[in-house]
>>> print(open('protein39.txt').read())   # compact mmCIF, C-alpha atoms
# COMPACT_ATOMS: atom_id res chain seq x y z
CA MET I 1 -12.31 26.75 10.96
CA LYS I 2 -9.30 24.41 10.92
CA ILE I 3 -9.84 21.37 8.68
CA GLN I 4 -8.70 18.08 10.15
CA THR I 5 -6.24 16.14 7.98
CA ASN I 6 -5.23 13.27 10.27
CA PHE I 7 -7.66 10.74 11.83
CA ASN I 8 -7.04 7.71 14.07
CA ARG I 9 -10.22 5.99 15.26
CA TYR I 10 -12.45 2.94 15.40
CA GLU I 11 -15.25 2.77 12.85
CA THR I 12 -18.22 0.43 13.30
CA LYS I 13 -20.97 -0.01 10.70
CA TYR I 14 -24.63 -0.94 11.02
CA LEU I 15 -27.05 -1.59 8.17
CA ILE I 16 -30.41 -0.23 9.30
CA ASN I 17 -33.67 1.02 7.80
CA THR I 18 -35.20 4.49 7.83
CA GLU I 19 -37.55 3.66 10.72
CA GLN I 20 -34.61 2.49 12.85
CA GLN I 21 -32.73 5.66 11.93
CA LYS I 22 -35.64 7.75 13.19
CA ARG I 23 -35.76 5.84 16.48
CA ILE I 24 -32.01 6.24 16.98
CA LEU I 25 -32.11 9.98 16.26
CA ASP I 26 -35.00 10.41 18.69
CA ALA I 27 -33.07 8.49 21.36
CA VAL I 28 -29.80 10.43 20.97
CA GLU I 29 -31.35 13.86 20.52
CA GLY I 30 -30.14 15.27 23.85
CA ASN I 31 -26.58 14.00 23.44
CA ILE I 32 -25.58 14.95 19.89
CA LYS I 33 -25.53 17.90 17.52
CA PRO I 34 -24.97 18.18 13.74
CA ASP I 35 -21.34 18.55 12.66
CA GLU I 36 -20.08 21.41 10.50
CA TYR I 37 -21.25 19.76 7.27
CA GLY I 38 -24.63 18.60 8.69
CA LYS I 39 -26.47 17.18 5.69
CA SER I 40 -24.21 16.88 2.67
CA THR I 41 -23.66 14.94 -0.54
CA ILE I 42 -20.26 13.27 -0.62
CA CYS I 43 -18.56 12.34 -3.89
CA ASN I 44 -15.59 9.99 -4.10
CA VAL I 45 -13.32 8.63 -6.80
CA TYR I 46 -11.49 5.49 -5.67
CA TYR I 47 -8.18 4.66 -7.33
CA ASP I 48 -6.95 1.15 -7.96
CA THR I 49 -4.72 -0.91 -10.25
CA PRO I 50 -6.17 -2.20 -13.54
CA ASP I 51 -6.72 -5.61 -11.89
CA TYR I 52 -8.33 -4.07 -8.76
CA LEU I 53 -5.52 -5.20 -6.46
CA LEU I 54 -6.39 -2.85 -3.59
CA ILE I 55 -10.06 -3.78 -3.28
CA ARG I 56 -9.38 -7.49 -3.82
CA ARG I 57 -6.93 -7.46 -0.92
CA SER I 58 -9.35 -5.45 1.20
CA LEU I 59 -12.18 -7.95 0.69
CA GLU I 60 -9.95 -10.73 2.00
CA SER I 61 -10.25 -9.04 5.45
CA PRO I 62 -6.51 -8.87 6.16
CA MET I 63 -5.01 -7.40 9.33
CA TYR I 64 -3.84 -4.43 7.26
CA LYS I 65 -5.46 -2.80 4.22
CA GLU I 66 -5.35 0.56 2.48
CA LYS I 67 -7.19 2.65 -0.12
CA LEU I 68 -6.67 5.89 -2.01
CA ARG I 69 -9.54 8.20 -2.93
CA LEU I 70 -10.37 11.73 -3.98
CA ARG I 71 -13.32 13.32 -2.17
CA SER I 72 -15.48 16.41 -2.51
CA TYR I 73 -18.50 17.69 -0.64
CA GLY I 74 -21.01 18.18 -3.42
CA VAL I 75 -20.26 18.24 -7.14
CA ALA I 76 -16.88 19.89 -7.64
CA ASN I 77 -15.70 22.50 -10.15
CA LYS I 78 -12.18 23.63 -11.04
CA LYS I 79 -11.81 25.74 -7.90
CA THR I 80 -13.60 23.49 -5.38
CA PRO I 81 -11.42 22.29 -2.49
CA VAL I 82 -11.13 18.49 -2.63
CA PHE I 83 -9.41 15.94 -0.40
CA LEU I 84 -6.87 13.40 -1.61
CA GLU I 85 -6.90 10.71 1.07
CA ILE I 86 -5.10 7.56 2.09
CA LYS I 87 -7.31 5.38 4.28
CA LYS I 88 -5.65 2.53 6.15
CA LYS I 89 -6.99 -0.03 8.59
CA TYR I 90 -4.80 -2.04 10.93
CA ASP I 91 -6.13 -4.32 13.65
CA ARG I 92 -9.57 -2.62 13.65
CA VAL I 93 -8.13 0.93 13.92
CA VAL I 94 -8.73 3.25 10.95
CA TYR I 95 -6.06 5.79 9.99
CA LYS I 96 -6.96 8.50 7.51
CA ARG I 97 -4.44 10.98 6.12
CA ARG I 98 -5.49 13.64 3.64
CA ILE I 99 -4.44 16.83 1.91
CA ILE I 100 -6.55 19.69 0.61
CA THR I 101 -6.11 20.44 -3.06
CA THR I 102 -8.11 20.89 -6.28
CA GLN I 103 -8.93 18.36 -8.98
CA SER I 104 -6.06 19.65 -11.13
CA GLY I 105 -3.78 19.62 -8.09
CA ALA I 106 -4.70 15.99 -7.43
CA LYS I 107 -3.77 15.08 -11.02
CA CYS I 108 -0.29 16.45 -10.36
CA PHE I 109 0.29 13.68 -7.83
CA PHE I 110 -0.41 11.02 -10.43
CA ASN I 111 1.74 12.58 -13.15
CA LYS I 112 4.48 13.25 -10.56
CA THR I 113 4.53 17.02 -10.92
CA SER I 114 3.09 17.99 -7.52
CA ALA I 115 5.11 20.56 -5.61
CA GLN I 116 3.49 19.76 -2.28
CA ASN I 117 6.16 18.57 0.14
CA THR I 118 4.39 17.98 3.44
CA GLN I 119 4.62 14.67 5.30
CA ILE I 120 1.14 13.60 4.20
CA ALA I 121 1.77 14.68 0.60
CA ASN I 122 4.93 12.59 0.55
CA GLU I 123 3.03 9.60 1.97
CA ILE I 124 0.55 9.92 -0.91
CA LYS I 125 3.39 10.16 -3.43
CA TYR I 126 4.93 7.00 -1.99
CA PHE I 127 1.56 5.21 -2.16
CA ILE I 128 1.18 6.14 -5.85
CA GLU I 129 4.75 5.05 -6.58
CA ARG I 130 4.28 1.76 -4.73
CA TYR I 131 1.14 0.76 -6.63
CA LYS I 132 2.00 1.15 -10.29
CA ASN I 133 -0.59 2.28 -12.84
CA LEU I 134 -3.18 3.57 -10.37
CA GLN I 135 -6.27 4.86 -12.16
CA PRO I 136 -9.86 5.89 -11.32
CA ALA I 137 -11.70 2.64 -10.58
CA VAL I 138 -15.14 3.68 -9.33
CA PHE I 139 -17.15 6.80 -8.48
CA ILE I 140 -19.31 6.58 -5.36
CA SER I 141 -21.67 9.24 -4.00
CA TYR I 142 -24.09 9.32 -1.09
CA GLU I 143 -26.20 11.63 1.01
CA ARG I 144 -24.87 11.92 4.56
CA GLU I 145 -26.18 13.23 7.86
CA ALA I 146 -23.39 13.61 10.41
CA PHE I 147 -23.51 14.24 14.16
CA TYR I 148 -21.08 14.36 17.08
CA ASP I 149 -21.36 14.00 20.84
CA LYS I 150 -21.89 17.33 22.61
CA SER I 151 -19.46 16.32 25.37
CA ASP I 152 -16.92 14.46 23.20
CA ASP I 153 -16.38 15.61 19.62
CA THR I 154 -14.29 12.51 18.86
CA PHE I 155 -17.50 10.42 18.97
CA ARG I 156 -19.41 10.75 15.70
CA ILE I 157 -22.44 9.12 14.10
CA THR I 158 -23.13 9.31 10.36
CA PHE I 159 -26.07 8.08 8.29
CA ASP I 160 -25.51 7.42 4.58
CA LYS I 161 -28.32 6.81 2.10
CA ASN I 162 -28.84 6.88 -1.68
CA ILE I 163 -25.39 5.33 -2.19
CA LEU I 164 -24.68 5.27 -5.94
CA TRP I 165 -21.74 3.90 -7.93
CA ARG I 166 -20.47 3.92 -11.49
CA ASP I 167 -17.24 2.82 -13.21
CA TYR I 168 -17.36 5.38 -16.03
CA ASP I 169 -17.43 9.19 -16.16
CA MET I 170 -15.36 9.09 -12.99
CA THR I 171 -14.74 12.72 -12.03
CA LEU I 172 -15.99 14.80 -9.14
CA SER I 173 -17.49 17.25 -11.65
CA SER I 174 -19.70 14.81 -13.57
CA GLY I 175 -22.82 14.88 -11.40
CA ILE I 176 -24.67 12.59 -9.03
CA TYR I 177 -25.94 9.46 -10.74
CA GLY I 178 -25.24 5.74 -10.95
CA SER I 179 -26.43 2.34 -9.77
CA PRO I 180 -27.73 1.97 -6.18
CA ILE I 181 -25.83 -0.08 -3.62
CA LEU I 182 -28.46 -0.17 -0.88
CA GLU I 183 -31.97 -1.53 -1.11
CA ARG I 184 -34.92 0.83 -0.79
CA ASN I 185 -35.23 2.34 2.73
CA GLN I 186 -31.82 1.01 3.80
CA VAL I 187 -29.36 3.31 5.59
CA LEU I 188 -25.72 2.72 6.47
CA MET I 189 -24.93 4.00 9.95
CA GLU I 190 -21.30 4.44 10.94
CA VAL I 191 -20.13 5.03 14.49
CA LYS I 192 -16.68 6.61 14.80
CA CYS I 193 -14.81 6.99 18.08
CA ALA I 194 -11.31 7.26 19.49
CA GLY I 195 -11.96 4.56 22.09
CA ALA I 196 -14.94 2.79 23.58
CA MET I 197 -18.47 3.90 22.69
CA PRO I 198 -20.34 5.87 25.38
CA MET I 199 -22.53 3.66 27.55
CA TRP I 200 -25.63 5.69 26.69
CA PHE I 201 -25.14 4.82 23.01
CA THR I 202 -24.39 1.12 23.53
CA LYS I 203 -27.69 0.93 25.42
CA ILE I 204 -29.50 2.47 22.42
CA LEU I 205 -27.93 -0.15 20.15
CA SER I 206 -29.00 -2.91 22.52
CA ASP I 207 -32.54 -1.54 22.92
CA ASN I 208 -32.93 -1.53 19.13
CA GLY I 209 -31.34 -4.95 18.59
CA LEU I 210 -28.61 -3.58 16.31
CA TYR I 211 -25.43 -5.50 15.55
CA LYS I 212 -22.34 -4.36 13.66
CA THR I 213 -21.79 -5.49 10.10
CA SER I 214 -18.92 -5.60 7.62
CA PHE I 215 -19.74 -3.21 4.76
CA SER I 216 -17.53 -1.58 2.14
CA LYS I 217 -19.08 0.81 -0.37
CA TYR I 218 -16.22 0.27 -2.80
CA GLY I 219 -16.33 -3.46 -2.10
CA LYS I 220 -20.04 -3.63 -2.99
CA ALA I 221 -19.41 -1.66 -6.19
CA TYR I 222 -16.54 -3.98 -7.14
CA GLN I 223 -18.73 -7.04 -6.62
CA SER I 224 -21.32 -5.49 -8.94
CA ILE I 225 -18.59 -4.80 -11.53
CA LEU I 226 -17.61 -8.47 -11.45
CA LYS I 227 -21.22 -9.57 -11.96
CA ILE I 228 -21.61 -7.21 -14.91
CA LYS I 229 -18.40 -8.53 -16.51
CA THR I 230 -19.63 -12.11 -16.17
CA GLY I 231 -23.11 -11.23 -17.47
CA GLU I 232 -24.86 -11.95 -14.15
CA GLN I 233 -26.01 -8.35 -13.72
CA LYS I 234 -26.73 -5.30 -15.84
CA TYR I 235 -26.25 -1.62 -15.01
CA ALA I 236 -29.23 -0.18 -13.15
>>> encode(input="protein39.txt", output="structure tokens")
Amino acid sequence: MKIQTNFNRYETKYLINTEQQKRILDAVEGNIKPDEYGKSTICNVYYDTPDYLLIRRSLESPMYKEKLRLRSYGVANKKTPVFLEIKKKYDRVVYKRRIITTQSGAKCFFNKTSAQNTQIANEIKYFIERYKNLQPAVFISYEREAFYDKSDDTFRITFDKNILWRDYDMTLSSGIYGSPILERNQVLMEVKCAGAMPMWFTKILSDNGLYKTSFSKYGKAYQSILKIKTGEQKYA
């Protein structure tokens, strides 16, 4: 199976509850099928400057924003394939570029010893050079169910729950634990497509009274970090 490394698409988010998720899955049953990962646990380490420049800019909702993260499917070990990704958003379109490596291979990018010389690898090197002193800023994990349209595999629906964050012990090998981002029974649904949503799905959204929302997992974690630093919140 060829692993995709380059994505250009629209991503729309909806904050729903578990009952709404069940109704949506019942309604789309004949049109979608699970993707190759199906149900999975996704682990991410987001990188940022010591003063959180990247996420601060992102939360200002600019026309253009970008992030750098390291991702694994499940808890990683030394040999687990992981993805080092640049995620950019310009004028509502999301561009994701990633390479496949290992945790030790990812470290080589930050200490400038990586031998990878592909176009995407060089883009990541430029990103790291542009933003000085990048370091792990937050670990975020979540349980995901992913589906795609049977007639158009560029249309995908994902459901994320049990979203956890922490700003310590930030490696993909350290296990699944942290403070929750969502309230009990909440689910983050993301709709990803190359163009317009299919009419059959927009009708399901309308029938269920669902409206898109602005939601950033890293943004929510950063806001919690600020509250902890000011004494307004404690770690869960």
>>> residues_around(input="protein39.txt", residues="range 32-36 of chain I", least_positions_apart="2", cutoff="8 Å", atoms="only C-alpha atoms", output="list of chain:residue names")
I:Val28, I:Glu29, I:Gly30, I:Gly38, I:Glu145, I:Ala146, I:Phe147, I:Tyr148, I:Asp149, I:Lys150
>>> residues_around(input="protein39.txt", residues="Thr12 in chain I", least_positions_apart="5", cutoff="9 Å", atoms="only C-alpha atoms", output="PyMOL selection string")
chain I and resi 189-193+212-214
>>> closest_residue(input="protein39.txt", among="I:Phe155, I:Tyr142, I:Tyr64, I:Tyr211", to="Tyr10 in chain I", atoms="all atoms listed in the file")
I:Phe155
>>> residues_near_point(input="protein39.txt", point="(-19.1, 12.4, -6.8)", cutoff="9 Å", atoms="only C-alpha atoms", output="ChimeraX atom specification")
/I:41-45,71-76,139-142,165,170-177
>>> atom_distance(input="protein39.txt", atom1="CA of Asp48 in chain I", atom2="CA of Pro136 in chain I")
6.5 Å
>>> atom_distance(input="protein39.txt", atom1="CA of Leu205 in chain I", atom2="CA of Ile16 in chain I")
11.1 Å
>>> residues_around(input="protein39.txt", residues="range 95-110 of chain I", least_positions_apart="2", cutoff="9 Å", atoms="all atoms listed in the file", output="MDAnalysis selection string")
chainID I and resid 3:10 70 76:90 93 112:116 120:121 123:125 128:129 134:135 171:172
>>> atom_distance(input="protein39.txt", atom1="CA of Arg144 in chain I", atom2="CA of Arg184 in chain I")
15.9 Å
>>> closest_residue(input="protein39.txt", among="I:Gln223, I:Asn162, I:Gln119, I:Ser58", to="Leu188 in chain I", atoms="only C-alpha atoms")
I:Asn162
>>> closest_residue(input="protein39.txt", among="I:Ser179, I:Asn208, I:Gln20, I:Ser61", to="Ile225 in chain I", atoms="only C-alpha atoms")
I:Ser179
>>> residues_around(input="protein39.txt", residues="range 50-55 of chain I", least_positions_apart="6", cutoff="8 Å", atoms="all atoms listed in the file", output="ChimeraX atom specification")
/I:65-67,133-135,137,218-219,222
>>> write_last_selection(input="protein39.txt", atoms="C-alpha atoms", output="mmCIF file, keeping the file's coordinate frame")
data_model
loop_
_atom_site.group_PDB
_atom_site.id
_atom_site.type_symbol
_atom_site.label_atom_id
_atom_site.label_comp_id
_atom_site.auth_asym_id
_atom_site.auth_seq_id
_atom_site.Cartn_x
_atom_site.Cartn_y
_atom_site.Cartn_z
ATOM 1 C CA LYS I 65 -5.460 -2.800 4.220
ATOM 2 C CA GLU I 66 -5.350 0.560 2.480
ATOM 3 C CA LYS I 67 -7.190 2.650 -0.120
ATOM 4 C CA ASN I 133 -0.590 2.280 -12.840
ATOM 5 C CA LEU I 134 -3.180 3.570 -10.370
ATOM 6 C CA GLN I 135 -6.270 4.860 -12.160
ATOM 7 C CA ALA I 137 -11.700 2.640 -10.580
ATOM 8 C CA TYR I 218 -16.220 0.270 -2.800
ATOM 9 C CA GLY I 219 -16.330 -3.460 -2.100
ATOM 10 C CA TYR I 222 -16.540 -3.980 -7.140
#
>>> closest_residue(input="protein39.txt", among="I:Leu15, I:Val138, I:Ala196, I:Ile228", to="Tyr168 in chain I", atoms="all atoms listed in the file")
I:Val138
>>> residues_around(input="protein39.txt", residues="Val187 in chain I", least_positions_apart="6", cutoff="7 Å", atoms="only C-alpha atoms", output="number ranges by chain")
I: 15-18, 159-161
>>> closest_residue(input="protein39.txt", among="I:Tyr47, I:Tyr37, I:Tyr14, I:Phe127", to="Asp167 in chain I", atoms="only C-alpha atoms")
I:Tyr47
>>> closest_residue(input="protein39.txt", among="I:Glu232, I:Asn31, I:Lys227, I:Glu143", to="Thr158 in chain I", atoms="only C-alpha atoms")
I:Glu143
>>> build_atoms(input="protein39.txt", residues="range 127-138 of chain I", atoms="all heavy atoms", output="short mmCIF file (atom, residue, chain, number, x, y, z; two decimals), keeping the file's coordinate frame")
data_model
loop_
_atom_site.label_atom_id
_atom_site.label_comp_id
_atom_site.auth_asym_id
_atom_site.auth_seq_id
_atom_site.Cartn_x
_atom_site.Cartn_y
_atom_site.Cartn_z
N PHE I 127 2.66 6.15 -1.88
CA PHE I 127 1.56 5.21 -2.16
C PHE I 127 1.40 5.05 -3.68
O PHE I 127 1.29 3.93 -4.20
CB PHE I 127 0.27 5.74 -1.54
CG PHE I 127 -0.90 4.79 -1.59
CD1 PHE I 127 -1.32 4.14 -0.44
CD2 PHE I 127 -1.59 4.56 -2.77
CE1 PHE I 127 -2.40 3.27 -0.47
CE2 PHE I 127 -2.67 3.71 -2.83
CZ PHE I 127 -3.08 3.05 -1.67
N ILE I 128 1.37 6.17 -4.40
CA ILE I 128 1.18 6.14 -5.85
C ILE I 128 2.37 5.46 -6.53
O ILE I 128 2.20 4.72 -7.51
CB ILE I 128 0.97 7.56 -6.39
CG1 ILE I 128 -0.37 8.13 -5.86
CG2 ILE I 128 1.00 7.60 -7.91
CD1 ILE I 128 -0.58 9.59 -6.14
N GLU I 129 3.57 5.68 -6.00
CA GLU I 129 4.75 5.05 -6.58
C GLU I 129 4.76 3.54 -6.30
O GLU I 129 5.17 2.74 -7.15
CB GLU I 129 6.01 5.69 -5.99
CG GLU I 129 7.31 5.12 -6.51
CD GLU I 129 7.52 5.37 -7.99
OE1 GLU I 129 6.97 6.37 -8.51
OE2 GLU I 129 8.23 4.58 -8.63
N ARG I 130 4.28 3.17 -5.13
CA ARG I 130 4.28 1.76 -4.73
C ARG I 130 3.34 0.93 -5.59
O ARG I 130 3.66 -0.17 -6.02
CB ARG I 130 3.90 1.64 -3.26
CG ARG I 130 3.87 0.21 -2.73
CD ARG I 130 3.42 0.19 -1.29
NE ARG I 130 3.29 -1.18 -0.80
CZ ARG I 130 2.67 -1.51 0.32
NH1 ARG I 130 2.14 -0.54 1.08
NH2 ARG I 130 2.58 -2.75 0.70
N TYR I 131 2.12 1.47 -5.82
CA TYR I 131 1.14 0.76 -6.63
C TYR I 131 1.17 1.35 -8.04
O TYR I 131 0.60 2.40 -8.31
CB TYR I 131 -0.26 0.89 -6.02
CG TYR I 131 -0.39 0.21 -4.69
CD1 TYR I 131 -0.34 0.94 -3.51
CD2 TYR I 131 -0.56 -1.17 -4.60
CE1 TYR I 131 -0.47 0.31 -2.27
CE2 TYR I 131 -0.67 -1.82 -3.37
CZ TYR I 131 -0.63 -1.07 -2.22
OH TYR I 131 -0.74 -1.68 -1.00
N LYS I 132 1.82 0.65 -8.93
CA LYS I 132 2.00 1.15 -10.29
C LYS I 132 0.65 1.22 -11.03
O LYS I 132 -0.24 0.43 -10.80
CB LYS I 132 2.96 0.25 -11.06
CG LYS I 132 4.31 0.05 -10.38
CD LYS I 132 5.08 1.36 -10.28
CE LYS I 132 6.45 1.12 -9.66
NZ LYS I 132 7.21 2.38 -9.50
N ASN I 133 0.55 2.18 -11.94
CA ASN I 133 -0.59 2.28 -12.84
C ASN I 133 -1.93 2.51 -12.13
O ASN I 133 -2.97 2.01 -12.58
CB ASN I 133 -0.70 1.02 -13.72
CG ASN I 133 0.57 0.78 -14.52
OD1 ASN I 133 1.13 1.71 -15.08
ND2 ASN I 133 1.01 -0.46 -14.57
N LEU I 134 -1.92 3.25 -11.03
CA LEU I 134 -3.18 3.57 -10.37
C LEU I 134 -4.04 4.41 -11.31
O LEU I 134 -3.55 5.31 -12.00
CB LEU I 134 -2.94 4.34 -9.07
CG LEU I 134 -2.41 3.53 -7.89
CD1 LEU I 134 -2.18 4.46 -6.71
CD2 LEU I 134 -3.38 2.42 -7.50
N GLN I 135 -5.34 4.15 -11.30
CA GLN I 135 -6.27 4.86 -12.16
C GLN I 135 -7.63 4.93 -11.48
O GLN I 135 -7.89 4.16 -10.54
CB GLN I 135 -6.42 4.12 -13.50
CG GLN I 135 -6.93 2.70 -13.34
CD GLN I 135 -6.86 1.90 -14.63
OE1 GLN I 135 -6.06 2.19 -15.51
NE2 GLN I 135 -7.71 0.89 -14.75
N PRO I 136 -8.51 5.86 -11.89
CA PRO I 136 -9.86 5.89 -11.32
C PRO I 136 -10.54 4.54 -11.55
O PRO I 136 -10.57 4.03 -12.67
CB PRO I 136 -10.55 7.01 -12.09
CG PRO I 136 -9.43 7.88 -12.56
CD PRO I 136 -8.30 6.95 -12.87
N ALA I 137 -11.07 3.97 -10.49
CA ALA I 137 -11.70 2.64 -10.58
C ALA I 137 -13.21 2.69 -10.41
O ALA I 137 -13.94 1.94 -11.07
CB ALA I 137 -11.11 1.70 -9.53
N VAL I 138 -13.69 3.58 -9.55
CA VAL I 138 -15.14 3.68 -9.33
C VAL I 138 -15.46 5.03 -8.71
O VAL I 138 -14.66 5.59 -7.96
CB VAL I 138 -15.65 2.52 -8.43
CG1 VAL I 138 -15.18 2.68 -7.00
CG2 VAL I 138 -17.17 2.41 -8.48
#
